[in-house]
>>> print(open('target_12.cif').read())   # mmCIF, C-alpha atoms
data_protein
loop_
_atom_site.label_atom_id
_atom_site.label_comp_id
_atom_site.auth_asym_id
_atom_site.auth_seq_id
_atom_site.Cartn_x
_atom_site.Cartn_y
_atom_site.Cartn_z
CA MET A 20 118.66 55.38 79.69
CA ARG A 21 118.94 54.16 83.26
CA ILE A 22 120.34 55.55 86.50
CA LYS A 23 123.52 53.71 87.44
CA THR A 24 123.98 54.88 91.04
CA ALA A 25 121.54 55.12 93.94
CA LEU A 26 122.06 57.13 97.11
CA ILE A 27 120.36 56.07 100.34
CA LEU A 28 120.31 58.66 103.12
CA CYS A 29 120.93 56.98 106.48
CA ALA A 30 122.72 59.61 108.59
CA GLY A 31 119.79 61.03 110.58
CA PHE A 32 119.14 60.68 114.30
CA GLY A 33 115.50 59.58 113.94
CA SER A 34 114.73 61.42 117.16
CA ARG A 35 110.96 61.27 116.67
CA LEU A 36 111.27 57.50 117.12
CA ASN A 37 113.05 57.69 120.46
CA PRO A 38 113.66 55.64 122.54
CA LEU A 39 113.97 53.01 119.77
CA THR A 40 116.47 55.04 117.79
CA LEU A 41 118.72 55.72 120.76
CA LYS A 42 120.12 52.23 120.25
CA THR A 43 119.03 51.33 116.71
CA PRO A 44 119.36 53.61 113.67
CA LYS A 45 116.01 54.28 112.00
CA PRO A 46 116.95 52.49 108.72
CA LEU A 47 117.42 49.28 110.71
CA LEU A 48 113.99 49.31 112.33
CA LYS A 49 111.93 46.38 111.11
CA LEU A 50 108.49 45.95 109.60
CA ASN A 51 107.39 42.41 108.71
CA ASP A 52 110.81 41.10 109.83
CA LYS A 53 112.72 43.22 107.29
CA THR A 54 114.60 46.41 107.98
CA MET A 55 113.53 49.56 106.17
CA LEU A 56 117.00 49.71 104.64
CA GLU A 57 116.78 46.19 103.23
CA VAL A 58 113.42 46.91 101.64
CA CYS A 59 114.87 50.04 100.05
CA ILE A 60 117.95 48.22 98.75
CA ASN A 61 115.79 45.45 97.30
CA LEU A 62 113.85 48.04 95.29
CA THR A 63 117.04 49.62 93.96
CA LEU A 64 118.18 46.16 92.82
CA LYS A 65 114.95 45.77 90.85
CA LEU A 66 115.57 49.18 89.26
CA GLY A 67 118.83 47.84 87.86
CA VAL A 68 121.27 50.25 89.50
CA GLN A 69 124.89 49.16 89.52
CA LYS A 70 126.13 50.82 92.70
CA ILE A 71 124.74 52.17 95.97
CA PHE A 72 126.23 54.84 98.22
CA ILE A 73 124.95 55.09 101.80
CA ASN A 74 125.80 57.94 104.16
CA THR A 75 125.96 57.31 107.91
CA PHE A 76 126.46 59.29 111.10
CA HIS A 77 124.24 58.28 114.03
CA LEU A 78 125.01 54.65 115.00
CA GLY A 79 126.66 54.25 111.62
CA ASP A 80 128.72 51.23 112.65
CA GLN A 81 125.50 49.22 112.97
CA ILE A 82 124.56 50.06 109.39
CA SER A 83 128.04 49.15 108.13
CA LYS A 84 127.87 45.82 109.96
CA PHE A 85 124.38 45.13 108.59
CA ILE A 86 125.53 45.74 104.98
CA LYS A 87 128.60 43.54 105.46
CA ASN A 88 126.59 40.65 106.93
CA LYS A 89 123.76 40.75 104.37
CA LYS A 90 126.11 40.38 101.38
CA PHE A 91 123.80 42.11 98.91
CA PRO A 92 124.58 41.29 95.24
CA ILE A 93 125.62 44.84 94.42
CA ASN A 94 128.51 47.18 95.17
CA ILE A 95 127.51 49.17 98.28
CA GLN A 96 129.85 51.84 99.61
CA ILE A 97 129.39 53.42 103.03
CA ILE A 98 130.40 57.08 103.36
CA LYS A 99 130.69 58.22 106.97
CA GLU A 100 129.98 61.81 107.94
CA GLU A 101 132.83 62.12 110.38
CA ASN A 102 132.72 65.36 112.33
CA GLU A 103 129.16 66.61 111.96
CA ILE A 104 125.91 65.53 110.39
CA LEU A 105 125.56 67.21 106.99
CA ASN A 106 121.77 67.34 106.58
CA THR A 107 120.15 66.23 103.33
CA GLY A 108 121.82 68.65 100.92
CA GLY A 109 125.31 68.37 102.34
CA GLY A 110 124.92 64.62 102.72
CA ILE A 111 123.92 64.18 99.08
CA LEU A 112 126.78 66.38 97.87
CA ASN A 113 129.26 64.42 100.00
CA LEU A 114 128.03 61.19 98.40
CA ILE A 115 128.04 62.35 94.78
CA ASN A 116 131.58 63.66 95.19
CA ASN A 117 132.59 59.99 95.44
CA SER A 118 131.17 59.14 92.00
CA ASP A 119 131.92 59.98 88.38
CA ASP A 120 128.24 59.69 87.44
CA SER A 121 126.08 62.73 86.71
CA ASP A 122 122.58 61.49 87.55
CA PHE A 123 121.56 59.90 90.85
CA ILE A 124 118.39 58.37 92.24
CA ILE A 125 118.10 59.22 95.93
CA PHE A 126 116.02 57.46 98.58
CA ASN A 127 115.02 58.19 102.13
CA PRO A 128 114.66 54.73 103.74
CA ASP A 129 112.06 55.91 106.26
CA THR A 130 109.49 55.35 103.48
CA LEU A 131 108.41 51.74 103.06
CA TRP A 132 109.65 51.17 99.50
CA HIS A 133 107.56 48.14 98.62
CA LYS A 134 107.89 46.51 95.20
CA ASP A 135 104.71 48.17 93.89
CA TYR A 136 106.72 51.38 93.46
CA LEU A 137 108.91 49.79 90.79
CA HIS A 138 106.72 50.69 87.82
CA GLU A 139 106.14 54.28 88.94
CA ILE A 140 109.81 54.98 89.66
CA THR A 141 110.76 53.45 86.30
CA GLN A 142 108.23 55.79 84.67
CA MET A 143 109.68 58.73 86.61
CA GLN A 144 113.16 57.82 85.40
CA ASN A 145 111.93 57.66 81.79
CA PHE A 146 110.24 61.04 82.25
CA TYR A 147 113.51 62.48 83.57
CA PHE A 148 115.63 61.33 80.65
CA SER A 149 113.09 61.84 77.86
CA ASN A 150 112.60 65.47 78.90
CA LYS A 151 116.34 66.04 79.53
CA LEU A 152 115.73 67.21 83.10
CA ASN A 153 118.16 67.78 85.94
CA ASN A 154 115.66 67.07 88.73
CA VAL A 155 112.41 65.31 89.52
CA LEU A 156 110.71 64.57 92.85
CA LEU A 157 108.25 61.76 93.56
CA LEU A 158 105.09 63.15 95.13
CA SER A 159 101.89 61.70 96.52
CA ASN A 160 98.51 63.13 97.43
CA LYS A 161 98.30 63.57 101.19
CA GLU A 162 95.08 61.52 101.16
CA LEU A 163 97.17 58.46 100.24
CA SER A 164 99.36 58.82 103.34
CA PHE A 165 98.94 56.28 106.12
CA ASP A 166 99.90 59.05 108.53
CA LYS A 167 97.00 61.50 108.26
CA ASN A 168 98.94 64.23 110.06
CA PHE A 169 100.90 65.03 106.91
CA LEU A 170 100.06 68.43 105.45
CA GLY A 171 100.44 69.10 101.75
CA ASP A 172 103.63 70.89 100.68
CA PHE A 173 103.17 71.30 96.93
CA THR A 174 100.88 71.09 93.96
CA LEU A 175 101.64 70.19 90.34
CA GLU A 176 100.95 72.18 87.18
CA ASN A 177 102.13 70.44 84.01
CA ASN A 178 104.63 68.47 86.09
CA LEU A 179 106.11 71.66 87.58
CA ILE A 180 106.05 71.86 91.36
CA LYS A 181 104.26 74.91 92.76
CA LYS A 182 103.17 76.19 96.15
CA ASN A 183 99.67 77.66 96.51
CA GLU A 184 96.51 77.40 98.57
CA LYS A 185 95.82 73.92 97.16
CA ASN A 186 99.09 72.21 98.27
CA ASP A 187 97.66 68.68 98.24
CA LEU A 188 100.91 66.84 97.48
CA ILE A 189 103.78 65.68 99.69
CA TYR A 190 107.32 64.61 98.83
CA ILE A 191 107.64 60.92 99.69
CA GLY A 192 111.39 60.41 99.73
CA CYS A 193 112.57 59.57 96.20
CA GLN A 194 114.15 62.00 93.75
CA ILE A 195 116.48 62.08 90.78
CA LEU A 196 119.06 64.85 90.74
CA ASN A 197 121.90 65.83 88.44
CA LYS A 198 125.30 66.70 89.91
CA SER A 199 125.25 70.08 88.17
CA LEU A 200 122.67 71.36 90.68
CA PHE A 201 125.37 71.36 93.36
CA LYS A 202 128.10 73.27 91.50
CA GLU A 203 127.67 76.40 93.66
CA TYR A 204 127.73 74.45 96.93
CA ARG A 205 130.39 72.96 99.15
CA VAL A 206 130.07 70.03 101.53
CA SER A 207 128.51 71.51 104.65
CA ASN A 208 125.33 71.29 106.72
CA PHE A 209 122.49 72.40 104.44
CA SER A 210 119.08 71.07 103.45
CA ILE A 211 118.22 69.91 99.95
CA THR A 212 115.15 72.17 100.22
CA LYS A 213 117.52 75.09 99.61
CA ILE A 214 118.13 73.78 96.08
CA TRP A 215 114.46 72.86 95.64
CA ASP A 216 113.32 76.37 96.60
CA ASN A 217 115.70 78.03 94.15
CA LEU A 218 114.50 75.73 91.35
CA ARG A 219 110.85 76.29 92.21
CA LYS A 220 111.23 80.07 92.12
CA GLU A 221 112.61 79.69 88.59
CA ASN A 222 109.78 77.29 87.60
CA LYS A 223 112.33 74.51 87.15
CA LEU A 224 111.40 72.08 89.96
CA ASN A 225 109.79 68.98 88.46
CA GLY A 226 107.42 66.49 90.02
CA PHE A 227 106.06 63.05 89.22
CA GLN A 228 102.94 61.88 91.02
CA SER A 229 102.66 58.47 92.68
CA LYS A 230 99.30 56.74 93.04
CA LYS A 231 100.46 54.27 95.70
CA LYS A 232 99.59 54.22 99.38
CA PHE A 233 102.36 56.04 101.25
CA TYR A 234 103.78 54.50 104.43
CA HIS A 235 106.36 56.53 106.33
CA LEU A 236 108.03 56.11 109.74
CA THR A 237 107.01 59.54 110.93
CA ASN A 238 107.15 58.91 114.66
CA LEU A 239 106.87 56.24 117.33
CA ASP A 240 103.07 56.17 117.28
CA VAL A 241 102.94 55.62 113.49
CA PHE A 242 105.64 52.95 113.71
CA LYS A 243 103.62 51.01 116.29
CA LYS A 244 100.51 51.21 114.10
CA LEU A 245 102.45 49.98 111.07
CA LYS A 246 103.76 47.01 113.02
CA ASP A 247 100.17 46.04 113.81
CA LEU A 248 99.08 45.95 110.14
#
>>> encode(input="target_12.cif", output="C-alpha cells")
Amino acid sequence: MRIKTALILCAGFGSRLNPLTLKTPKPLLKLNDKTMLEVCINLTLKLGVQKIFINTFHLGDQISKFIKNKKFPINIQIIKEENEILNTGGGILNLINNSDDSDFIIFNPDTLWHKDYLHEITQMQNFYFSNKLNNVLLLSNKELSFDKNFLGDFTLENNLIKKNEKNDLIYIGCQILNKSLFKEYRVSNFSITKIWDNLRKENKLNGFQSKKKFYHLTNLDVFKKLKDL
C-alpha cells in the first residue's frame, strides 16, 4: 500500500530565523538555489503521493504565489489558517478534515528533505502498513544532526518510542498518522505532541530510525552555516 496524500506544515512564524523570516516565510528560504518547500515537494513526488495539502498563516500569500508559479505536476491545495495559527496538532487536523483519506504522510519543510531519504521513508511506509499501525515517527540519532545543539528526545525499544536517561534520538520532521487519532479533538491551537504523549504512555507510539545526516533550519546561525556548505 502507499500513502495517497501528503501534508506539508508551512504556517509557522520561523521567529528563530528573524530578520529573514519577517519578510520571507521559512519554507521559502533557499539552500543551493532551491527553497526548502520545493525540495520537500520534490521528495513527495518521488514517493508517489497523489495530492498535497499545505497549511499557511504567516506570509501565506507568498507561499500560495510560489505554488501557483512553479506549476508542480501534482494537485496541491493551500489551506489558510484564517484567524489564528493552529500549532502542529490543530494545523494537521484542519488539513485532514479536507480529505477523505485515512492515512497521511506529514512533513515539516524546515528539514532539508534531500532525495537520499526516499528509500528510508518508503521503508517506513511499508513498516506502517505491514504492521497495521496508526502512527510512526521518523527519528535520527542526535549525533547525525548538523546542528549539534539538538538534545535527544526519545529512545527506541522494538520500534516503540520511549523516554529515559538514554534519549539519543530526535524527531526529524516526518511522520505518518491515521485520521482516527484525532477523533477526540477539534480544530484549535494544540501541539501534535499532545497526541504523541498519550500514545507513548500507552506504549503505542512507533518510531522508525533514519541513518541519514540530518540538516534542519534551527536558527539564523545554522542557516548561515548551511549556506556555506
>>> resolve_selection(input="target_12.cif", expression="the PyMOL selection byres ((chain A and resi 104) around 10)", output="number ranges by chain")
A: 30-32, 74-77, 99-103, 105-107, 109-110, 207-209
>>> atom_distance(input="target_12.cif", atom1="atom CA of A:Ile124", atom2="atom CA of A:Leu36")
25.9 Å
>>> resolve_selection(input="target_12.cif", expression="the PyMOL selection byres ((chain A and resi 114-116) around 9)", output="list in words")
Leu26, Phe72, Ile73, Asn74, Ile98, Gly109, Gly110, Ile111, Leu112, Asn113, Asn117, Ser118, Asp119, Asp120, Ser121, Phe123 and Lys198 of chain A
>>> residues_around(input="target_12.cif", residues="A:Leu156", least_positions_apart="6", cutoff="9 Å", atoms="only C-alpha atoms", output="list in words")
Met143, Ile180, Tyr190, Ile191, Gly192, Cys193, Gln194, Ile195, Leu196, Leu224, Asn225, Gly226, Phe227 and Gln228 of chain A
>>> atom_distance(input="target_12.cif", atom1="atom CA of A:Gly171", atom2="atom CA of A:Lys185")
8.1 Å
>>> residues_around(input="target_12.cif", residues="A:Leu188", least_positions_apart="3", cutoff="6 Å", atoms="only C-alpha atoms", output="ChimeraX atom specification")
/A:159-161,171-174
>>> axis_aligned_box(input="target_12.cif", around="stretch 213-227 of chain A", padding_each_side="3 Å", output="lines of an AutoDock Vina configuration file")
center_x = 112.1
center_y = 71.6
center_z = 93.4
size_x = 18.1
size_y = 23.0
size_z = 18.5
>>> residues_near_point(input="target_12.cif", point="(105.7, 74.0, 84.4)", cutoff="8 Å", atoms="all atoms listed in the file", output="PDB file with C-alpha atoms, keeping the file's coordinate frame")
ATOM      1  CA  GLU A 176     100.950  72.180  87.180  1.00  0.00           C
ATOM      2  CA  ASN A 177     102.130  70.440  84.010  1.00  0.00           C
ATOM      3  CA  ASN A 178     104.630  68.470  86.090  1.00  0.00           C
ATOM      4  CA  LEU A 179     106.110  71.660  87.580  1.00  0.00           C
ATOM      5  CA  ILE A 180     106.050  71.860  91.360  1.00  0.00           C
ATOM      6  CA  ASN A 222     109.780  77.290  87.600  1.00  0.00           C
ATOM      7  CA  LYS A 223     112.330  74.510  87.150  1.00  0.00           C
ATOM      8  CA  ASN A 225     109.790  68.980  88.460  1.00  0.00           C
TER       9      ASN A 225
END
>>> resolve_selection(input="target_12.cif", expression="the PyMOL selection byres ((chain A and resi 140) around 12)", output="ChimeraX atom specification")
/A:21-22,62-63,65-67,124-126,132-139,141-147,155-158,191-195,226-231
>>> residues_around(input="target_12.cif", residues="A:Leu50", least_positions_apart="5", cutoff="8 Å", atoms="only C-alpha atoms", output="PyMOL selection string")
chain A and resi 55+245-246
>>> write_last_selection(input="target_12.cif", atoms="C-alpha atoms", output="short mmCIF file (atom, residue, chain, number, x, y, z; two decimals), in the frame of the given file")
data_model
loop_
_atom_site.label_atom_id
_atom_site.label_comp_id
_atom_site.auth_asym_id
_atom_site.auth_seq_id
_atom_site.Cartn_x
_atom_site.Cartn_y
_atom_site.Cartn_z
CA MET A 55 113.53 49.56 106.17
CA LEU A 245 102.45 49.98 111.07
CA LYS A 246 103.76 47.01 113.02
#
>>> build_atoms(input="target_12.cif", residues="stretch 21-32 of chain A", atoms="all heavy atoms", output="PDB file, in the frame of the given file")
ATOM      1  N   ARG A  21     119.228  54.653  81.919  1.00  0.00           N
ATOM      2  CA  ARG A  21     118.940  54.160  83.260  1.00  0.00           C
ATOM      3  C   ARG A  21     119.948  54.748  84.246  1.00  0.00           C
ATOM      4  O   ARG A  21     121.126  54.887  83.936  1.00  0.00           O
ATOM      5  CB  ARG A  21     119.018  52.631  83.266  1.00  0.00           C
ATOM      6  CG  ARG A  21     118.751  51.993  84.613  1.00  0.00           C
ATOM      7  CD  ARG A  21     118.766  50.483  84.505  1.00  0.00           C
ATOM      8  NE  ARG A  21     117.607  49.984  83.781  1.00  0.00           N
ATOM      9  CZ  ARG A  21     117.403  48.699  83.512  1.00  0.00           C
ATOM     10  NH1 ARG A  21     118.292  47.802  83.864  1.00  0.00           N
ATOM     11  NH2 ARG A  21     116.318  48.318  82.869  1.00  0.00           N
ATOM     12  N   ILE A  22     119.459  55.067  85.437  1.00  0.00           N
ATOM     13  CA  ILE A  22     120.340  55.550  86.500  1.00  0.00           C
ATOM     14  C   ILE A  22     121.265  54.423  86.948  1.00  0.00           C
ATOM     15  O   ILE A  22     120.816  53.301  87.199  1.00  0.00           O
ATOM     16  CB  ILE A  22     119.519  56.055  87.703  1.00  0.00           C
ATOM     17  CG1 ILE A  22     118.561  57.174  87.292  1.00  0.00           C
ATOM     18  CG2 ILE A  22     120.448  56.521  88.828  1.00  0.00           C
ATOM     19  CD1 ILE A  22     119.189  58.491  87.007  1.00  0.00           C
ATOM     20  N   LYS A  23     122.549  54.727  87.051  1.00  0.00           N
ATOM     21  CA  LYS A  23     123.520  53.710  87.440  1.00  0.00           C
ATOM     22  C   LYS A  23     123.771  53.661  88.950  1.00  0.00           C
ATOM     23  O   LYS A  23     124.135  52.606  89.491  1.00  0.00           O
ATOM     24  CB  LYS A  23     124.848  53.961  86.721  1.00  0.00           C
ATOM     25  CG  LYS A  23     124.776  53.820  85.216  1.00  0.00           C
ATOM     26  CD  LYS A  23     126.134  54.119  84.587  1.00  0.00           C
ATOM     27  CE  LYS A  23     126.076  53.998  83.072  1.00  0.00           C
ATOM     28  NZ  LYS A  23     127.407  54.320  82.465  1.00  0.00           N
ATOM     29  N   THR A  24     123.607  54.804  89.629  1.00  0.00           N
ATOM     30  CA  THR A  24     123.980  54.880  91.040  1.00  0.00           C
ATOM     31  C   THR A  24     122.824  55.402  91.880  1.00  0.00           C
ATOM     32  O   THR A  24     122.207  56.425  91.552  1.00  0.00           O
ATOM     33  CB  THR A  24     125.200  55.810  91.224  1.00  0.00           C
ATOM     34  OG1 THR A  24     126.294  55.296  90.463  1.00  0.00           O
ATOM     35  CG2 THR A  24     125.603  55.883  92.689  1.00  0.00           C
ATOM     36  N   ALA A  25     122.554  54.708  92.972  1.00  0.00           N
ATOM     37  CA  ALA A  25     121.540  55.120  93.940  1.00  0.00           C
ATOM     38  C   ALA A  25     122.218  55.618  95.205  1.00  0.00           C
ATOM     39  O   ALA A  25     123.260  55.097  95.617  1.00  0.00           O
ATOM     40  CB  ALA A  25     120.597  53.973  94.263  1.00  0.00           C
ATOM     41  N   LEU A  26     121.623  56.625  95.817  1.00  0.00           N
ATOM     42  CA  LEU A  26     122.060  57.130  97.110  1.00  0.00           C
ATOM     43  C   LEU A  26     120.954  56.861  98.125  1.00  0.00           C
ATOM     44  O   LEU A  26     119.782  57.122  97.848  1.00  0.00           O
ATOM     45  CB  LEU A  26     122.330  58.634  97.054  1.00  0.00           C
ATOM     46  CG  LEU A  26     123.144  59.178  95.875  1.00  0.00           C
ATOM     47  CD1 LEU A  26     123.282  60.689  95.996  1.00  0.00           C
ATOM     48  CD2 LEU A  26     124.511  58.505  95.803  1.00  0.00           C
ATOM     49  N   ILE A  27     121.325  56.328  99.273  1.00  0.00           N
ATOM     50  CA  ILE A  27     120.360  56.070 100.340  1.00  0.00           C
ATOM     51  C   ILE A  27     120.811  56.846 101.572  1.00  0.00           C
ATOM     52  O   ILE A  27     121.922  56.636 102.076  1.00  0.00           O
ATOM     53  CB  ILE A  27     120.216  54.577 100.646  1.00  0.00           C
ATOM     54  CG1 ILE A  27     119.827  53.799  99.381  1.00  0.00           C
ATOM     55  CG2 ILE A  27     119.159  54.354 101.734  1.00  0.00           C
ATOM     56  CD1 ILE A  27     119.690  52.299  99.581  1.00  0.00           C
ATOM     57  N   LEU A  28     119.947  57.730 102.053  1.00  0.00           N
ATOM     58  CA  LEU A  28     120.310  58.660 103.120  1.00  0.00           C
ATOM     59  C   LEU A  28     120.020  58.040 104.485  1.00  0.00           C
ATOM     60  O   LEU A  28     118.856  57.872 104.868  1.00  0.00           O
ATOM     61  CB  LEU A  28     119.549  59.972 102.946  1.00  0.00           C
ATOM     62  CG  LEU A  28     119.684  60.628 101.564  1.00  0.00           C
ATOM     63  CD1 LEU A  28     118.911  61.944 101.513  1.00  0.00           C
ATOM     64  CD2 LEU A  28     121.150  60.845 101.190  1.00  0.00           C
ATOM     65  N   CYS A  29     121.076  57.727 105.225  1.00  0.00           N
ATOM     66  CA  CYS A  29     120.930  56.980 106.480  1.00  0.00           C
ATOM     67  C   CYS A  29     121.647  57.649 107.656  1.00  0.00           C
ATOM     68  O   CYS A  29     121.960  56.995 108.647  1.00  0.00           O
ATOM     69  CB  CYS A  29     121.492  55.567 106.316  1.00  0.00           C
ATOM     70  SG  CYS A  29     120.565  54.526 105.171  1.00  0.00           S
ATOM     71  N   ALA A  30     121.903  58.956 107.558  1.00  0.00           N
ATOM     72  CA  ALA A  30     122.720  59.610 108.590  1.00  0.00           C
ATOM     73  C   ALA A  30     121.907  60.186 109.742  1.00  0.00           C
ATOM     74  O   ALA A  30     122.474  60.530 110.773  1.00  0.00           O
ATOM     75  CB  ALA A  30     123.562  60.709 107.958  1.00  0.00           C
ATOM     76  N   GLY A  31     120.594  60.297 109.601  1.00  0.00           N
ATOM     77  CA  GLY A  31     119.790  61.030 110.580  1.00  0.00           C
ATOM     78  C   GLY A  31     119.691  60.365 111.944  1.00  0.00           C
ATOM     79  O   GLY A  31     119.944  59.173 112.108  1.00  0.00           O
ATOM     80  N   PHE A  32     119.280  61.161 112.932  1.00  0.00           N
ATOM     81  CA  PHE A  32     119.140  60.680 114.300  1.00  0.00           C
ATOM     82  C   PHE A  32     117.820  59.940 114.536  1.00  0.00           C
ATOM     83  O   PHE A  32     117.710  59.141 115.467  1.00  0.00           O
ATOM     84  CB  PHE A  32     119.233  61.842 115.292  1.00  0.00           C
ATOM     85  CG  PHE A  32     120.604  62.460 115.379  1.00  0.00           C
ATOM     86  CD1 PHE A  32     120.897  63.622 114.674  1.00  0.00           C
ATOM     87  CD2 PHE A  32     121.594  61.880 116.140  1.00  0.00           C
ATOM     88  CE1 PHE A  32     122.160  64.197 114.750  1.00  0.00           C
ATOM     89  CE2 PHE A  32     122.858  62.434 116.216  1.00  0.00           C
ATOM     90  CZ  PHE A  32     123.146  63.600 115.526  1.00  0.00           C
TER      91      PHE A  32
END
